[in-house]
>>> print(open('input23.cif').read())   # mmCIF, C-alpha atoms
data_work
loop_
_atom_site.label_atom_id
_atom_site.label_comp_id
_atom_site.auth_asym_id
_atom_site.auth_seq_id
_atom_site.Cartn_x
_atom_site.Cartn_y
_atom_site.Cartn_z
CA MET A 1 11.35 6.83 12.86
CA ARG A 2 9.51 7.28 9.57
CA ARG A 3 9.02 10.93 8.66
CA ASN A 4 8.02 10.60 5.01
CA LEU A 5 4.60 12.16 4.44
CA ILE A 6 3.53 9.51 1.91
CA PHE A 7 4.30 6.80 4.47
CA ILE A 8 2.38 8.68 7.14
CA LEU A 9 -0.70 8.81 4.91
CA MET A 10 -0.32 5.13 4.01
CA SER A 11 -0.12 4.21 7.69
CA ILE A 12 -3.29 6.21 8.37
CA GLU A 13 -4.99 4.17 5.64
CA ILE A 14 -3.81 0.94 7.30
CA MET A 15 -5.18 2.06 10.67
CA LEU A 16 -8.55 3.06 9.20
CA ASN A 17 -8.71 -0.27 7.42
CA GLY A 18 -8.05 -2.04 10.72
CA THR A 19 -10.95 -0.26 12.39
CA GLY A 20 -13.10 -1.21 9.40
CA VAL A 21 -12.17 -4.87 9.84
CA ALA A 22 -13.12 -4.64 13.50
CA PHE A 23 -16.52 -3.08 12.65
CA VAL A 24 -17.33 -5.66 9.96
CA ALA A 25 -16.26 -8.54 12.21
CA ALA A 26 -18.49 -7.27 15.01
CA GLY A 27 -21.42 -6.80 12.64
CA SER A 28 -20.91 -10.28 11.23
CA ARG A 29 -20.75 -11.77 14.74
CA TRP A 30 -24.23 -10.49 15.63
CA GLY A 31 -25.63 -10.75 12.11
CA GLN A 32 -26.51 -7.04 11.97
CA PRO A 33 -25.82 -4.69 9.01
CA ASP A 34 -24.64 -1.82 11.25
CA GLY A 35 -21.00 -2.89 11.14
CA GLN A 36 -20.94 -2.78 7.35
CA ILE A 37 -22.63 0.63 7.36
CA MET A 38 -19.98 2.00 9.70
CA PHE A 39 -17.37 0.62 7.30
CA LEU A 40 -19.04 2.51 4.44
CA PHE A 41 -18.78 5.75 6.46
CA ILE A 42 -15.12 4.99 7.24
CA LEU A 43 -14.58 4.44 3.52
CA ALA A 44 -16.06 7.84 2.61
CA MET A 45 -14.04 9.51 5.37
CA ALA A 46 -10.82 7.84 4.19
CA ALA A 47 -11.42 8.97 0.61
CA ALA A 48 -11.99 12.58 1.73
CA GLU A 49 -8.97 12.50 4.04
CA VAL A 50 -6.59 11.07 1.47
CA SER A 51 -7.60 13.50 -1.28
CA VAL A 52 -7.01 16.55 0.91
CA GLY A 53 -3.88 14.99 2.42
CA LEU A 54 -2.30 14.25 -0.93
CA ALA A 55 -3.09 17.77 -2.17
CA LEU A 56 -1.31 19.10 0.93
CA VAL A 57 1.64 16.78 0.23
CA LEU A 58 1.92 18.16 -3.30
CA ARG A 59 1.90 21.74 -1.98
CA LEU A 60 4.57 20.94 0.61
CA TYR A 61 6.71 19.23 -2.00
CA HIS A 62 6.57 22.28 -4.26
CA LEU A 63 7.50 24.50 -1.30
CA HIS A 64 10.36 22.49 0.24
CA HIS A 65 11.32 19.95 -2.46
CA ASN A 66 11.31 17.07 -0.02
CA LEU A 67 8.73 14.98 1.78
CA ASP A 68 10.08 15.21 5.33
CA ALA A 69 7.38 15.99 7.86
CA ASP A 70 9.88 18.01 9.89
CA ALA A 71 10.43 20.38 6.96
CA ALA A 72 6.96 21.80 7.62
CA ASN A 73 7.65 23.21 11.10
CA GLU A 74 7.55 26.87 10.09
CA MET A 75 4.71 27.61 12.50
CA ARG A 76 6.95 26.59 15.44
CA GLY A 77 4.14 24.60 16.98
CA MET B 1 -14.47 -21.37 4.77
CA GLU B 2 -12.57 -20.99 8.02
CA ALA B 3 -9.34 -22.09 6.37
CA ALA B 4 -9.91 -19.45 3.67
CA PHE B 5 -10.42 -16.82 6.37
CA TYR B 6 -7.21 -17.72 8.18
CA ILE B 7 -5.09 -17.90 5.03
CA ALA B 8 -6.35 -14.51 3.85
CA ALA B 9 -5.77 -13.05 7.32
CA ILE B 10 -2.16 -14.31 7.33
CA VAL B 11 -1.61 -12.83 3.86
CA ALA B 12 -3.06 -9.50 5.07
CA ILE B 13 -0.83 -9.38 8.15
CA VAL B 14 2.34 -10.34 6.24
CA SER B 15 1.74 -7.81 3.47
CA THR B 16 0.90 -5.04 5.96
CA VAL B 17 4.10 -5.67 7.92
CA LEU B 18 6.05 -5.63 4.67
CA THR B 19 4.28 -2.35 3.77
CA ILE B 20 5.42 -0.47 6.85
CA THR B 21 8.98 -1.81 6.71
CA ARG B 22 9.79 -0.93 3.09
CA SER B 23 11.97 2.12 2.50
CA ASN B 24 10.77 2.65 -1.07
CA ALA B 25 7.33 4.19 -1.49
CA VAL B 26 6.42 2.26 -4.63
CA HIS B 27 7.30 -1.10 -3.10
CA ALA B 28 5.28 -0.20 -0.01
CA LEU B 29 2.32 0.74 -2.24
CA LEU B 30 2.47 -2.63 -4.00
CA TYR B 31 2.34 -4.47 -0.68
CA LEU B 32 -0.43 -2.17 0.56
CA ILE B 33 -2.59 -3.02 -2.46
CA VAL B 34 -2.04 -6.73 -1.79
CA SER B 35 -2.99 -6.11 1.86
CA LEU B 36 -6.26 -4.42 0.87
CA LEU B 37 -7.14 -7.26 -1.51
CA ALA B 38 -6.45 -9.76 1.29
CA VAL B 39 -8.73 -7.80 3.62
CA ALA B 40 -11.41 -7.95 0.92
CA VAL B 41 -11.13 -11.75 0.87
CA VAL B 42 -11.36 -11.70 4.68
CA PHE B 43 -14.59 -9.69 4.43
CA TYR B 44 -16.00 -12.18 1.93
CA ALA B 45 -15.12 -15.09 4.20
CA MET B 46 -16.77 -13.30 7.14
CA GLY B 47 -20.04 -13.08 5.20
CA ALA B 48 -19.98 -9.44 4.04
CA PRO B 49 -19.92 -9.59 0.22
CA LEU B 50 -20.99 -5.96 -0.38
CA VAL B 51 -18.18 -4.57 1.76
CA ALA B 52 -15.69 -6.94 0.11
CA ALA B 53 -16.62 -5.58 -3.33
CA LEU B 54 -16.45 -1.97 -2.11
CA GLU B 55 -13.04 -2.61 -0.54
CA VAL B 56 -11.69 -3.75 -3.91
CA ILE B 57 -13.42 -1.02 -5.93
CA ILE B 58 -12.84 2.03 -3.69
CA TYR B 59 -9.80 1.24 -1.53
CA ALA B 60 -7.67 -0.80 -3.92
CA GLY B 61 -9.11 0.76 -7.07
CA ALA B 62 -9.49 4.46 -6.31
CA ILE B 63 -7.51 5.48 -3.23
CA MET B 64 -4.43 3.44 -4.10
CA VAL B 65 -4.49 4.77 -7.66
CA LEU B 66 -4.48 8.27 -6.13
CA PHE B 67 -1.39 7.34 -4.10
CA VAL B 68 0.37 5.89 -7.14
CA PHE B 69 -0.44 9.04 -9.16
CA VAL B 70 1.03 11.30 -6.48
CA VAL B 71 4.17 9.19 -6.08
CA MET B 72 4.68 9.26 -9.83
CA MET B 73 3.98 13.02 -9.99
CA LEU B 74 6.66 13.68 -7.39
CA ASN B 75 9.20 11.89 -9.59
CA LEU B 76 8.73 13.94 -12.77
CA GLY B 77 11.89 15.03 -14.50
CA LYS B 78 14.84 13.73 -16.41
CA ARG B 79 15.80 11.04 -13.93
CA ALA B 80 12.26 9.62 -13.73
CA ALA B 81 12.81 6.85 -16.27
CA ILE B 82 16.04 5.80 -14.56
CA THR B 83 14.48 5.70 -11.10
CA GLU B 84 11.43 3.83 -12.39
CA GLY B 85 13.79 1.27 -13.87
CA GLN B 86 15.55 0.98 -10.52
CA TRP B 87 12.24 0.46 -8.70
CA MET B 88 11.49 -2.70 -10.64
CA GLN B 89 15.00 -4.15 -10.51
CA GLY B 90 15.74 -7.61 -9.18
CA ASN B 91 13.15 -9.82 -7.56
CA ILE B 92 11.16 -7.02 -5.98
CA TRP B 93 8.00 -8.04 -7.82
CA LEU B 94 8.21 -11.59 -6.48
CA GLY B 95 6.76 -10.88 -3.03
CA PRO B 96 3.52 -9.15 -4.12
CA VAL B 97 3.03 -11.67 -6.92
CA LEU B 98 3.35 -14.64 -4.56
CA LEU B 99 0.95 -13.14 -2.00
CA SER B 100 -1.52 -12.25 -4.76
CA ALA B 101 -1.26 -15.77 -6.19
CA VAL B 102 -2.30 -17.17 -2.81
CA LEU B 103 -5.32 -14.84 -2.84
CA VAL B 104 -6.26 -15.73 -6.42
CA ALA B 105 -6.13 -19.46 -5.66
CA GLU B 106 -8.28 -18.89 -2.60
CA VAL B 107 -10.88 -16.83 -4.48
CA LEU B 108 -11.05 -19.43 -7.24
CA TYR B 109 -11.63 -22.14 -4.64
CA LEU B 110 -14.33 -20.06 -2.96
CA ILE B 111 -16.10 -19.38 -6.25
CA LEU B 112 -15.94 -22.96 -7.53
CA ARG B 113 -16.39 -25.05 -4.41
CA ALA B 114 -17.57 -23.39 -1.25
CA ARG B 115 -20.84 -21.62 -0.58
CA LEU B 116 -21.12 -18.28 1.17
CA THR B 117 -23.69 -19.59 3.64
CA GLU B 118 -21.05 -21.73 5.34
CA SER B 119 -19.47 -18.75 7.08
CA ALA B 120 -19.50 -18.70 10.85
CA GLY B 121 -21.64 -15.74 11.83
CA GLY B 122 -24.15 -15.85 9.02
CA VAL B 123 -24.26 -13.75 5.87
CA VAL B 124 -25.39 -10.13 5.95
CA ASP B 125 -26.54 -9.65 2.38
CA PRO B 126 -26.45 -6.33 0.48
CA LYS B 127 -30.24 -5.94 0.65
CA GLN B 128 -30.16 -5.76 4.44
CA VAL B 129 -27.30 -3.25 4.33
CA GLY B 130 -29.10 -1.07 1.81
CA LEU B 131 -32.34 -1.06 3.77
CA ALA B 132 -30.54 -0.04 6.96
CA LEU B 133 -28.37 2.51 5.15
CA TYR B 134 -31.31 4.41 3.66
CA GLY B 135 -33.53 3.89 6.68
CA PRO B 136 -32.13 4.73 10.13
CA TYR B 137 -28.75 5.88 8.77
CA LEU B 138 -30.07 8.35 6.17
CA ILE B 139 -28.68 11.36 8.01
CA GLY B 140 -25.25 9.73 7.97
CA VAL B 141 -25.44 9.32 4.19
CA GLU B 142 -26.28 13.01 3.81
CA LEU B 143 -23.47 14.03 6.15
CA SER B 144 -20.93 11.90 4.30
CA SER B 145 -22.04 13.47 1.01
CA MET B 146 -21.36 16.89 2.52
CA LEU B 147 -17.98 15.64 3.76
CA LEU B 148 -17.08 14.45 0.27
CA LEU B 149 -18.16 17.78 -1.22
CA GLY B 150 -15.97 19.59 1.30
CA ALA B 151 -13.04 17.34 0.43
CA LEU B 152 -13.61 18.01 -3.27
CA VAL B 153 -13.61 21.77 -2.80
CA GLY B 154 -10.58 21.58 -0.48
CA ALA B 155 -8.54 19.43 -2.83
CA CYS B 156 -9.39 21.71 -5.77
CA HIS B 157 -8.35 24.78 -3.79
CA LEU B 158 -5.11 23.23 -2.57
CA GLY B 159 -4.10 21.85 -5.94
CA ARG B 160 -5.00 24.83 -8.12
CA PRO B 161 -1.88 27.09 -8.04
CA VAL B 162 0.52 24.18 -8.43
CA LEU B 163 -1.43 22.82 -11.35
CA GLU B 164 -1.67 26.23 -13.01
CA LYS B 165 2.09 26.63 -12.72
CA ALA B 166 2.71 23.20 -14.17
CA GLU B 167 0.25 23.75 -17.00
CA GLY B 168 1.87 27.08 -17.81
CA ARG B 169 5.21 25.36 -18.02
CA TYR B 170 3.93 22.75 -20.45
CA ASP B 171 1.63 24.98 -22.50
CA ARG B 172 3.95 27.91 -23.01
CA ASN B 173 4.68 27.03 -26.62
CA SER B 174 1.10 26.40 -27.65
CA ASP B 175 -0.35 29.42 -25.85
CA GLY B 176 2.30 31.89 -27.03
CA ALA B 177 0.74 32.40 -30.40
CA ARG B 178 -2.69 33.20 -29.00
CA ALA B 179 -3.83 36.70 -28.34
CA HIS B 180 -4.95 37.83 -24.90
CA SER B 181 -8.71 37.70 -24.75
CA GLY B 182 -9.08 41.08 -23.08
CA GLY B 183 -12.29 40.02 -21.43
CA ASN B 184 -13.88 38.97 -24.68
CA LEU B 185 -14.60 35.34 -24.05
CA ILE B 186 -15.97 34.68 -27.50
CA ARG B 187 -12.65 35.51 -29.05
CA ALA B 188 -10.57 33.99 -26.25
CA GLY B 189 -7.95 31.64 -27.63
CA ALA B 190 -8.23 32.95 -31.19
CA ARG B 191 -4.96 33.40 -33.04
CA ARG B 192 -5.28 37.10 -33.82
CA ALA B 193 -4.60 40.46 -32.34
CA PRO B 194 -6.73 41.54 -29.38
CA ASN B 195 -8.36 44.50 -31.16
CA ALA B 196 -8.90 42.92 -34.55
CA PRO B 197 -12.50 42.82 -35.81
#
>>> encode(input="input23.cif", output="structure tokens")
Amino acid sequence: MRRNLIFILMSIEIMLNGTGVAFVAAGSRWGQPDGQIMFLFILAMAAAEVSVGLALVLRLYHLHHNLDADAANEMRG
Amino acid sequence: MEAAFYIAAIVAIVSTVLTITRSNAVHALLYLIVSLLAVAVVFYAMGAPLVAALEVIIYAGAIMVLFVFVVMMLNLGKRAAITEGQWMQGNIWLGPVLLSAVLVAEVLYLILRARLTESAGGVVDPKQVGLALYGPYLIGVELSSMLLLGALVGACHLGRPVLEKAEGRYDRNSDGARAHSGGNLIRAGARRAPNAP
């Protein structure tokens, strides 16, 4: 199983992109602009998510000196 | 137009599968960029030119550059040049280049030969999208601007101590000769004693 934080963020991007493709395809099927507008909102959300996520990855790397997601289980959640 | 859609979709699926099966982050990022460009061609073939352009500009141009910056930042040090040489060894560049060449040929064909109006579901042009975006969806635009502001503040807060530490490490030699400002911001950074006139 992949536990690298960079790969986790990249996979989230792939999933968001897939939902965007679904929205644009549905909007194109009915000829309405709503699908493209939802893709624009997904785009803004992905940009916000990836900036905060990569800042967190940098902090974790400076704390633990690796990128394993299991290294960040100090809260015992 | 349909053949262009299916070829771009196959390129997108192949490059995405190659993205999630690579073990090296830089190779995976290369395939992910190719995947996003293929999805942009898919959008263009589906009759959504505005979203296709934004996919290239924002996803492949801004977000992926952020990823590449972070991956390169995590590899700073003495061994960075060696590992960067190892990343590009062999025929690792061949896969992304071949997939991108398929996309380039397809885009050239679409620009030179085909017309956008031949797509299946009809074209939704940017004017329609803009009118709907600043009409019924205006509150969504405002909310996404607040979301981006929150992300900006959050990223600044999370990155600040690490960056200050790194800057202190690099600027130690240049800042050593400067006097402490002592609260006097006009003389901050001047090369003289703190209590000199």
>>> resolve_selection(input="input23.cif", expression="the PyMOL selection byres ((chain A) within 7 of (chain B))", output="list in words")
Ala25, Ser28, Arg29, Trp30, Gly31, Gln32, Pro33, Gln36, Ile37, Phe41, Ala44, Ala47, Ala48, Ser51, Val52, Ala55 and Leu56 of chain A
>>> axis_aligned_box(input="input23.cif", around="stretch 9-22 of chain A", padding_each_side="4 Å", output="lines of an AutoDock Vina configuration file")
center_x = -6.6
center_y = 2.0
center_z = 8.8
size_x = 21.0
size_y = 21.7
size_z = 17.5
>>> atom_distance(input="input23.cif", atom1="atom CA of A:Leu54", atom2="atom CA of A:Ile8")
10.9 Å
>>> atom_distance(input="input23.cif", atom1="atom CA of A:Met75", atom2="atom CA of A:Ile6")
21.0 Å
>>> residues_around(input="input23.cif", residues="B:Ala105", least_positions_apart="5", cutoff="12 Å", atoms="all atoms listed in the file", output="VMD selection string")
chain B and resid 4 7 to 8 38 41 98 to 100 110 to 113
>>> atom_distance(input="input23.cif", atom1="atom CA of A:Gly53", atom2="atom CA of B:Val56")
21.3 Å
>>> residues_around(input="input23.cif", residues="A:Leu60", least_positions_apart="5", cutoff="9 Å", atoms="all atoms listed in the file", output="ChimeraX atom specification")
/A:55,65-67,71-72
>>> write_last_selection(input="input23.cif", atoms="C-alpha atoms", output="mmCIF file, in the coordinates of the input")
data_model
loop_
_atom_site.group_PDB
_atom_site.id
_atom_site.type_symbol
_atom_site.label_atom_id
_atom_site.label_comp_id
_atom_site.auth_asym_id
_atom_site.auth_seq_id
_atom_site.Cartn_x
_atom_site.Cartn_y
_atom_site.Cartn_z
ATOM 1 C CA ALA A 55 -3.090 17.770 -2.170
ATOM 2 C CA HIS A 65 11.320 19.950 -2.460
ATOM 3 C CA ASN A 66 11.310 17.070 -0.020
ATOM 4 C CA LEU A 67 8.730 14.980 1.780
ATOM 5 C CA ALA A 71 10.430 20.380 6.960
ATOM 6 C CA ALA A 72 6.960 21.800 7.620
#
>>> closest_residue(input="input23.cif", among="B:Glu2, B:Leu30, B:Gly135, B:Ala53", to="B:Pro96", atoms="only C-alpha atoms")
B:Leu30
>>> residues_around(input="input23.cif", residues="stretch 15-19 of chain A", least_positions_apart="3", cutoff="9 Å", atoms="only C-alpha atoms", output="JSON, numbers by chain")
{"A": [10, 11, 12, 22, 23, 24, 39, 42, 43, 46], "B": [36, 39]}
